[in-house]
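Participant: Take a look at this one; I'll ask things after.
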Amino acid sequence: MARSFTPKVVTANALLEGDAVWLTEDNRWTRDIHEAELITDEAHGDLRLLEAQARADEIAGAYLADAKPGDDGPEPTHFRETFRTRGPSNYAHGKQVEL
Amino acid sequence: MYVYNDFDEAFVRSRVAQFRGQVERRIDGSLTEDEFKPLRLMNGLYLQLHAYMLRVAVPYGTLNSAQMRQLAYIADRWDNGYGHLTTRQNIQYNWPKLQDVPDMLDALADVGMHAIQTSGNTIRNVTADHFAGAASDEIEDPRPIAELLRQWSTDHQEFQFLPRKFKIAVTGAEQDRAVTKAHDIGLRMVRNDAGEPGFEVIVGGGLGRTPMVGKVLRDFLPKADLLPYCEAIVSVYNLLGRRDNKYKARIKITVHENGLEKIQELVEERFAAIRDGFSGHDQALLKEIEGAFAPPTFVTKSTDGYEAARLANPAFRSWSDTNLSKHKAGGYAIVSISIKKHGATPGDATSDQMRTMAAIAATYGHDELRISHEQNVILPHVHKSDLPAVYAALRAADLATANIGLASDIIACPGMDYCALATARSIPIAQEIATRFDELKIEHDIGQLKIKISGCINACGHHHVGHIGILGLDRAGVENYQITLGGDGTETTTIGERAGPGFSADEIVPAIERLVTGYMDLRTDEDETFLQAYRRLGMEPFKAILYPAEDKANAA
């Protein structure tokens, strides 16, 4: 039996900073996961990932990450993706300073 | 120490120039990430969870003060003002920007350093005993051999695409401080019956998902045969090692699958074929290198001031009891600077701290520093009369923690706070354990204890050889920590045994506390270390402490 599709976001690392970024519906790379496009259709997800991967001079390592709808927009479901939204826990570096 | 000659300088500069071009082509989009990745990895540049990471090689962990100052400068100029010392005696920068990396590499080249072969399936930075040249139990300083191996392995045409990465460690001492039995090749200096120094060659050790203790390939290898023999080993591995499965590609698996005898046969055969090609140039080079590692001129002066300071200042006494080791020269000591302040990130040194350590090395330490695989910094040659001044300078820079070899001197990999491969965090666990033992004020009573934490099965935190090892895993989307006991990374290398089911992030620190206070009740007297008690009693009593019976009924 095919597994049901869980919602996804397209995420990657910004080319210059290496920082975690997410793809928005209007094709921007955002540093805030809440602005990301929440993808609920598998075929659409595959297509969006292909489009993201083609933007080689903006990002590196694009992939589809599980996400869920939240009050402010998409939210991560796995702790690894949660860490990517906020930076390391030992210092206020990375996203913790920016957001 | 070794200083770059014109050849080294030209080679490193040309690699920086090549990489500068590659970065430009990546940024303008003419190289894709798939094309660029192997190029950046060859130059030590990783892409992690939140940023790039540049891993700088510190050959056999040895630095002079100018290099340490330059590392501080790089941290301030292009990173976030600190560096992270690694378990392979390297230093990592966690926040470089892609366009800045060529400038960082140029700044490294200015002081005879680079990031070449700190990643990729090549021969990595050769590590050595961090007390090399100073240890009282040493036959010879192993660093000339390590430098010879560095020169031989750097850009070695045959070994740029090995089945998997390849790590060599070397020690000249009886006590193994270089974890030689957990390396692809471990070299331990020994003497033959005629009293000549040579090497016991150990092969196929390693940690990671399949931990193995290295096996002795040759009991005694004459020093002059070292390079051709190492070349024979890597050459055999290059052809025989598996390339079909990354998890079975390290030489430990090659040795395990083919058997030690088969490997011995092939290596000896290959050695015989290539030996004559090494016509003596390597030995002439070694002589030259040995000259560069001549010991400093040790002085003789009174140590009365040191003894008086010990009597007068209990904090200095405590620090000198824990952080000093015996030096081969009379009146001298080896100083271990703890980069493990309670509650801080293990192995992180700020640029100010780096400059302080550089200044101390220049003034009191014959201009030498070492990075240890235990993520601390060593001043190998300090006269005891200078120790009170060294201590005062360290204290002013928040570097005087007296915990070397104790419960809070924890090895921890970067874990999921930085690493893209990690399955759980390790730094916060190390911080919490160290903070807890500091609150309890019992770590000096506990005595020698090595706690090592890895945030994934690849075992960068050496958890398999920790007296207490902690492995962070992802169990159904939740961080979970497994405990192993009885590991040992010295000359009596032992892989720790798994104690039982893992603990949650909230449970792991209380579990470690229970384990350690439980050990204090079990030991015969305070001289029996945790490891000795474990070896005497076995797993059962420790298991009973970790998993008390009344909790078992409630355990899910």
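Following the order of the structure tokens, chains are lettered A, B, ..., residues in each are numbered from 1, and ligands are numbered from 1.
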Please produce, as CSV, a per-residue contact table for chain A versus chain B (criterion: any atom at most 6 Å away, only C-alpha atoms considered), showing the nearest atom pair and its distance in Å to one decimal, sorted by chain then residue number.
Facilitator:
```
residue,atom,partner,partner_atom,distance
A:Leu16,CA,B:Leu98,CA,4.9
A:Glu17,CA,B:Lys97,CA,4.9
A:Gly18,CA,B:Ala51,CA,3.9
A:Asp19,CA,B:His50,CA,4.6
A:Ala20,CA,B:His50,CA,5.7
A:Ala56,CA,B:Thr32,CA,5.7
A:Asp57,CA,B:Gly29,CA,4.4
A:Ala60,CA,B:Glu33,CA,5.9
A:His78,CA,B:Gly477,CA,6.0
A:Pro88,CA,B:Asp417,CA,4.3
```
Participant: Using N, CA and C atoms, can you export the residues from the last selection as a compact mmCIF listing (two decimals), in the first residue's frame?
Facilitator:
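In the end it all went to selection_14.txt:
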```
# COMPACT_ATOMS: atom_id res chain seq x y z
N LEU A 16 25.84 31.53 -0.47
CA LEU A 16 26.97 32.26 0.09
C LEU A 16 27.12 32.06 1.59
N GLU A 17 26.01 32.17 2.35
CA GLU A 17 26.10 32.07 3.81
C GLU A 17 25.99 30.63 4.29
N GLY A 18 25.38 29.76 3.49
CA GLY A 18 25.15 28.39 3.93
C GLY A 18 23.96 28.26 4.86
N ASP A 19 23.27 29.36 5.09
CA ASP A 19 22.16 29.41 6.03
C ASP A 19 20.94 28.66 5.48
N ALA A 20 20.10 28.12 6.37
CA ALA A 20 18.91 27.40 5.93
C ALA A 20 17.90 28.36 5.32
N ALA A 56 20.96 26.92 -9.17
CA ALA A 56 22.25 26.52 -8.61
C ALA A 56 23.07 27.70 -8.11
N ASP A 57 22.85 28.90 -8.64
CA ASP A 57 23.67 30.03 -8.19
C ASP A 57 23.06 30.76 -6.99
N ALA A 60 22.27 25.61 -2.32
CA ALA A 60 22.88 24.29 -2.46
C ALA A 60 22.06 23.28 -1.67
N HIS A 78 10.13 17.54 12.47
CA HIS A 78 11.23 16.78 13.07
C HIS A 78 12.21 17.74 13.75
N PRO A 88 22.21 26.94 16.24
CA PRO A 88 22.73 26.05 17.28
C PRO A 88 22.22 26.43 18.66
```
Participant: Running DSSP on the backbone, which parts of chain A land in alpha helix (DSSP H), as a list in words?
Facilitator: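 Taking chain A and keeping alpha helix (DSSP H) only, one gets Glu42, Ala43, His44, Gly45, Asp46, Leu47, Arg48, Leu49, Leu50, Glu51, Ala52, Gln53, Phe79, Arg80, Glu81, Thr82, Phe83, Arg84, Thr85, Arg86, Lys95, Gln96, Val97 and Glu98 of chain A.
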Participant: Restrict the selected residues to C-alpha atoms and save them as a short mmCIF file (atom, residue, chain, number, x, y, z; two decimals), in the first residue's frame.
Facilitator:
```
data_model
loop_
_atom_site.label_atom_id
_atom_site.label_comp_id
_atom_site.auth_asym_id
_atom_site.auth_seq_id
_atom_site.Cartn_x
_atom_site.Cartn_y
_atom_site.Cartn_z
CA GLU A 42 3.34 14.77 -4.15
CA ALA A 43 3.64 15.52 -7.88
CA HIS A 44 3.67 19.24 -7.19
CA GLY A 45 6.39 18.69 -4.57
CA ASP A 46 8.60 16.82 -7.03
CA LEU A 47 8.18 19.61 -9.55
CA ARG A 48 8.95 22.36 -7.02
CA LEU A 49 12.07 20.47 -5.93
CA LEU A 50 13.27 20.25 -9.55
CA GLU A 51 12.69 23.97 -10.00
CA ALA A 52 14.57 24.69 -6.79
CA GLN A 53 17.52 22.51 -7.75
CA PHE A 79 13.71 18.19 15.61
CA ARG A 80 16.48 18.39 13.01
CA GLU A 81 14.35 20.72 10.90
CA THR A 82 13.40 22.66 14.03
CA PHE A 83 17.10 23.26 14.76
CA ARG A 84 17.54 24.50 11.19
CA THR A 85 14.92 27.18 11.85
CA ARG A 86 16.75 28.59 14.86
CA LYS A 95 19.21 32.62 12.87
CA GLN A 96 18.80 33.46 16.55
CA VAL A 97 20.47 36.81 15.91
CA GLU A 98 18.75 37.45 12.62
#
```
Participant: Got a sec: who's within 7 Å of B:Phe503, counting only C-alpha atoms, leaving out chain neighbours fewer than 2 positions off, as a list in words?
Facilitator: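 My list of contacting residues is Asn480, Tyr481, Gln482, Pro501, Ala505, Glu507 and Ile508 of chain B.
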Participant: If you measure from atom CA of B:Leu537 to atom CA of B:Leu515, what distance in Å do you get, rounded to one decimal?
Facilitator: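 Spanning atom CA of B:Leu537 to atom CA of B:Leu515 is a straight-line distance of 13.7 Å.
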Participant: So which residues touch B:Ala232 within 8 Å, counting only C-alpha atoms, skipping near sequence neighbours fewer than 3 positions away, as a PyMOL selection string?
Facilitator: chain B and resi 228-229+235-236+267-268+270-271+274
Participant: Put those residues in a file: N, CA and C atoms, as an mmCIF file, in the first residue's frame.
Facilitator:
```cif
data_model
loop_
_atom_site.group_PDB
_atom_site.id
_atom_site.type_symbol
_atom_site.label_atom_id
_atom_site.label_comp_id
_atom_site.auth_asym_id
_atom_site.auth_seq_id
_atom_site.Cartn_x
_atom_site.Cartn_y
_atom_site.Cartn_z
ATOM 1 N N PRO B 228 57.954 3.336 2.535
ATOM 2 C CA PRO B 228 57.536 2.304 1.582
ATOM 3 C C PRO B 228 56.520 1.328 2.175
ATOM 4 N N TYR B 229 56.630 1.050 3.475
ATOM 5 C CA TYR B 229 55.697 0.099 4.084
ATOM 6 C C TYR B 229 54.293 0.712 4.173
ATOM 7 N N SER B 235 48.370 1.221 -0.692
ATOM 8 C CA SER B 235 48.260 0.724 -2.058
ATOM 9 C C SER B 235 47.414 -0.556 -2.134
ATOM 10 N N VAL B 236 47.655 -1.469 -1.200
ATOM 11 C CA VAL B 236 46.861 -2.706 -1.139
ATOM 12 C C VAL B 236 45.399 -2.366 -0.846
ATOM 13 N N VAL B 267 50.607 -6.980 1.580
ATOM 14 C CA VAL B 267 51.408 -5.796 1.913
ATOM 15 C C VAL B 267 52.891 -6.112 1.750
ATOM 16 N N GLU B 268 53.312 -7.286 2.240
ATOM 17 C CA GLU B 268 54.737 -7.645 2.138
ATOM 18 C C GLU B 268 55.141 -7.776 0.664
ATOM 19 N N ARG B 270 53.733 -6.235 -1.927
ATOM 20 C CA ARG B 270 53.771 -4.891 -2.494
ATOM 21 C C ARG B 270 55.011 -4.131 -1.992
ATOM 22 N N PHE B 271 55.295 -4.314 -0.708
ATOM 23 C CA PHE B 271 56.461 -3.670 -0.093
ATOM 24 C C PHE B 271 57.740 -4.098 -0.820
ATOM 25 N N ILE B 274 58.051 -2.312 -4.174
ATOM 26 C CA ILE B 274 58.296 -0.861 -4.260
ATOM 27 C C ILE B 274 59.472 -0.393 -3.418
#
```
Participant: As an exercise, work out the distance from atom CA of B:Lys301 to atom CA of B:Ala66 in Å and give it to one decimal place.
Facilitator: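 About the pair atom CA of B:Lys301 and atom CA of B:Ala66: they are 27.1 Å apart.
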Participant: Pick from B:Pro38, B:Gly81, B:Gly331, B:Gly489: nearest to A:Tyr91, with only C-alpha atoms counted?
Facilitator: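 Result for the nearest residue to A:Tyr91: B:Gly81.
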Participant: Excluding stretch 73-77 of chain A and residues on its chain fewer than 6 positions from it, collect all residues at most 7 Å away from it, counting only C-alpha atoms, and give them as a PyMOL selection string.
Facilitator: chain A and resi 33-36+38+66-67
Participant: For the residues selected in the previous step, produce a file with C-alpha atoms as a PDB file, in the first residue's frame.
Facilitator:
```pdb
ATOM      1  CA  ILE A  33       9.951  28.751   7.421  1.00  0.00           C
ATOM      2  CA  HIS A  34       6.563  30.344   8.161  1.00  0.00           C
ATOM      3  CA  GLU A  35       6.722  32.056   4.767  1.00  0.00           C
ATOM      4  CA  ALA A  36       7.411  28.825   2.908  1.00  0.00           C
ATOM      5  CA  LEU A  38       3.398  24.174   2.206  1.00  0.00           C
ATOM      6  CA  ASP A  66       8.288  17.251   6.294  1.00  0.00           C
ATOM      7  CA  ALA A  67       6.243  20.135   7.653  1.00  0.00           C
TER       8      ALA A  67
END
```
Participant: Leaving out stretch 184-191 of chain B and any residue of its chain fewer than 5 positions from it, which residues lie within 7 Å of it when counting only C-alpha atoms, given as an mmCIF file with N, CA and C atoms, in the first residue's frame?
Facilitator:
```cif
data_model
loop_
_atom_site.group_PDB
_atom_site.id
_atom_site.type_symbol
_atom_site.label_atom_id
_atom_site.label_comp_id
_atom_site.auth_asym_id
_atom_site.auth_seq_id
_atom_site.Cartn_x
_atom_site.Cartn_y
_atom_site.Cartn_z
ATOM 1 N N ILE B 139 60.411 7.231 23.384
ATOM 2 C CA ILE B 139 61.649 6.746 22.771
ATOM 3 C C ILE B 139 62.236 7.859 21.905
ATOM 4 N N PHE B 166 41.216 7.974 5.193
ATOM 5 C CA PHE B 166 42.285 7.153 5.747
ATOM 6 C C PHE B 166 43.054 7.961 6.788
ATOM 7 N N LYS B 167 43.079 7.436 8.016
ATOM 8 C CA LYS B 167 43.655 8.209 9.121
ATOM 9 C C LYS B 167 44.847 7.485 9.742
ATOM 10 N N ILE B 168 45.929 8.243 9.909
ATOM 11 C CA ILE B 168 47.154 7.691 10.477
ATOM 12 C C ILE B 168 47.482 8.436 11.767
ATOM 13 N N ALA B 169 47.855 7.672 12.805
ATOM 14 C CA ALA B 169 48.285 8.287 14.065
ATOM 15 C C ALA B 169 49.615 7.681 14.465
ATOM 16 N N VAL B 170 50.452 8.499 15.105
ATOM 17 C CA VAL B 170 51.779 8.014 15.456
ATOM 18 C C VAL B 170 52.150 8.459 16.875
ATOM 19 N N THR B 171 52.784 7.544 17.611
ATOM 20 C CA THR B 171 53.276 7.894 18.939
ATOM 21 C C THR B 171 54.677 7.336 19.145
ATOM 22 N N GLY B 172 55.483 8.061 19.908
ATOM 23 C CA GLY B 172 56.831 7.591 20.235
ATOM 24 C C GLY B 172 56.914 7.099 21.665
ATOM 25 N N ALA B 173 55.769 7.112 22.356
ATOM 26 C CA ALA B 173 55.780 6.836 23.794
ATOM 27 C C ALA B 173 55.156 5.489 24.124
ATOM 28 N N GLU B 196 67.406 -0.810 18.760
ATOM 29 C CA GLU B 196 67.161 0.224 17.740
ATOM 30 C C GLU B 196 65.677 0.600 17.708
ATOM 31 N N PRO B 197 65.394 1.899 17.530
ATOM 32 C CA PRO B 197 63.996 2.297 17.448
ATOM 33 C C PRO B 197 63.375 1.959 16.095
ATOM 34 N N GLY B 198 62.152 1.521 16.140
ATOM 35 C CA GLY B 198 61.390 1.237 14.923
ATOM 36 C C GLY B 198 59.922 1.327 15.285
ATOM 37 N N PHE B 199 59.060 0.725 14.462
ATOM 38 C CA PHE B 199 57.629 0.865 14.709
ATOM 39 C C PHE B 199 56.893 -0.461 14.780
ATOM 40 N N GLU B 200 55.969 -0.522 15.722
ATOM 41 C CA GLU B 200 54.948 -1.554 15.667
ATOM 42 C C GLU B 200 53.863 -0.973 14.775
ATOM 43 N N VAL B 201 53.506 -1.694 13.717
ATOM 44 C CA VAL B 201 52.538 -1.174 12.761
ATOM 45 C C VAL B 201 51.180 -1.837 13.012
ATOM 46 N N ILE B 202 50.208 -0.986 13.355
ATOM 47 C CA ILE B 202 48.860 -1.475 13.659
ATOM 48 C C ILE B 202 47.956 -1.062 12.500
ATOM 49 N N VAL B 203 47.077 -1.945 12.094
ATOM 50 C CA VAL B 203 46.229 -1.620 10.948
ATOM 51 C C VAL B 203 44.776 -2.004 11.236
ATOM 52 N N GLY B 204 43.868 -1.280 10.618
ATOM 53 C CA GLY B 204 42.465 -1.692 10.654
ATOM 54 C C GLY B 204 41.720 -1.372 11.932
ATOM 55 N N GLY B 205 42.210 -0.409 12.692
ATOM 56 C CA GLY B 205 41.413 0.038 13.824
ATOM 57 C C GLY B 205 40.461 1.125 13.366
ATOM 58 N N GLY B 206 39.441 1.387 14.163
ATOM 59 C CA GLY B 206 38.532 2.466 13.798
ATOM 60 C C GLY B 206 37.297 2.430 14.673
ATOM 61 N N ILE B 251 39.397 0.530 5.829
ATOM 62 C CA ILE B 251 40.353 -0.583 5.818
ATOM 63 C C ILE B 251 40.058 -1.592 6.942
ATOM 64 N N LYS B 252 39.389 -1.134 8.009
ATOM 65 C CA LYS B 252 39.063 -2.086 9.081
ATOM 66 C C LYS B 252 38.196 -3.225 8.538
#
```
Participant: What separation in Å, quoted to one decimal, exists between atom CA of B:Ile446 and atom CA of B:His84?
Facilitator: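 Computing the Euclidean distance for atom CA of B:Ile446 and atom CA of B:His84 yields 27.6 Å.
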Participant: Identify, on the basis of only C-alpha atoms, every residue whose closest approach to B:Ala412 does not exceed 9 Å; exclude the query and any residue fewer than 4 positions from it along the same chain; express the result as a CSV table (one decimal) with C-alpha atoms, in the first residue's frame.
Facilitator:
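Result file is around.csv:
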```csv
chain,number,residue,atom,x,y,z
B,86,THR,CA,38.5,18.8,17.0
B,87,THR,CA,39.2,15.2,18.0
B,345,THR,CA,31.2,24.2,24.7
B,346,PRO,CA,34.0,21.6,24.7
B,347,GLY,CA,36.9,22.6,22.5
B,374,GLU,CA,40.8,15.5,23.7
B,375,GLN,CA,40.1,19.1,22.5
B,426,SER,CA,26.0,16.4,21.9
B,427,ILE,CA,27.2,19.8,23.1
B,429,ILE,CA,24.6,17.1,27.0
B,430,ALA,CA,28.3,17.8,27.7
B,451,ILE,CA,33.3,10.7,29.2
B,452,LYS,CA,33.0,10.9,25.4
B,453,ILE,CA,29.9,11.9,23.5
B,454,SER,CA,29.1,11.4,19.8
B,455,GLY,CA,26.0,12.8,18.1
B,460,CYS,CA,33.7,11.6,16.0
B,461,GLY,CA,33.3,12.0,19.8
B,462,HIS,CA,35.1,8.7,20.3
B,463,HIS,CA,32.3,7.4,22.5
```
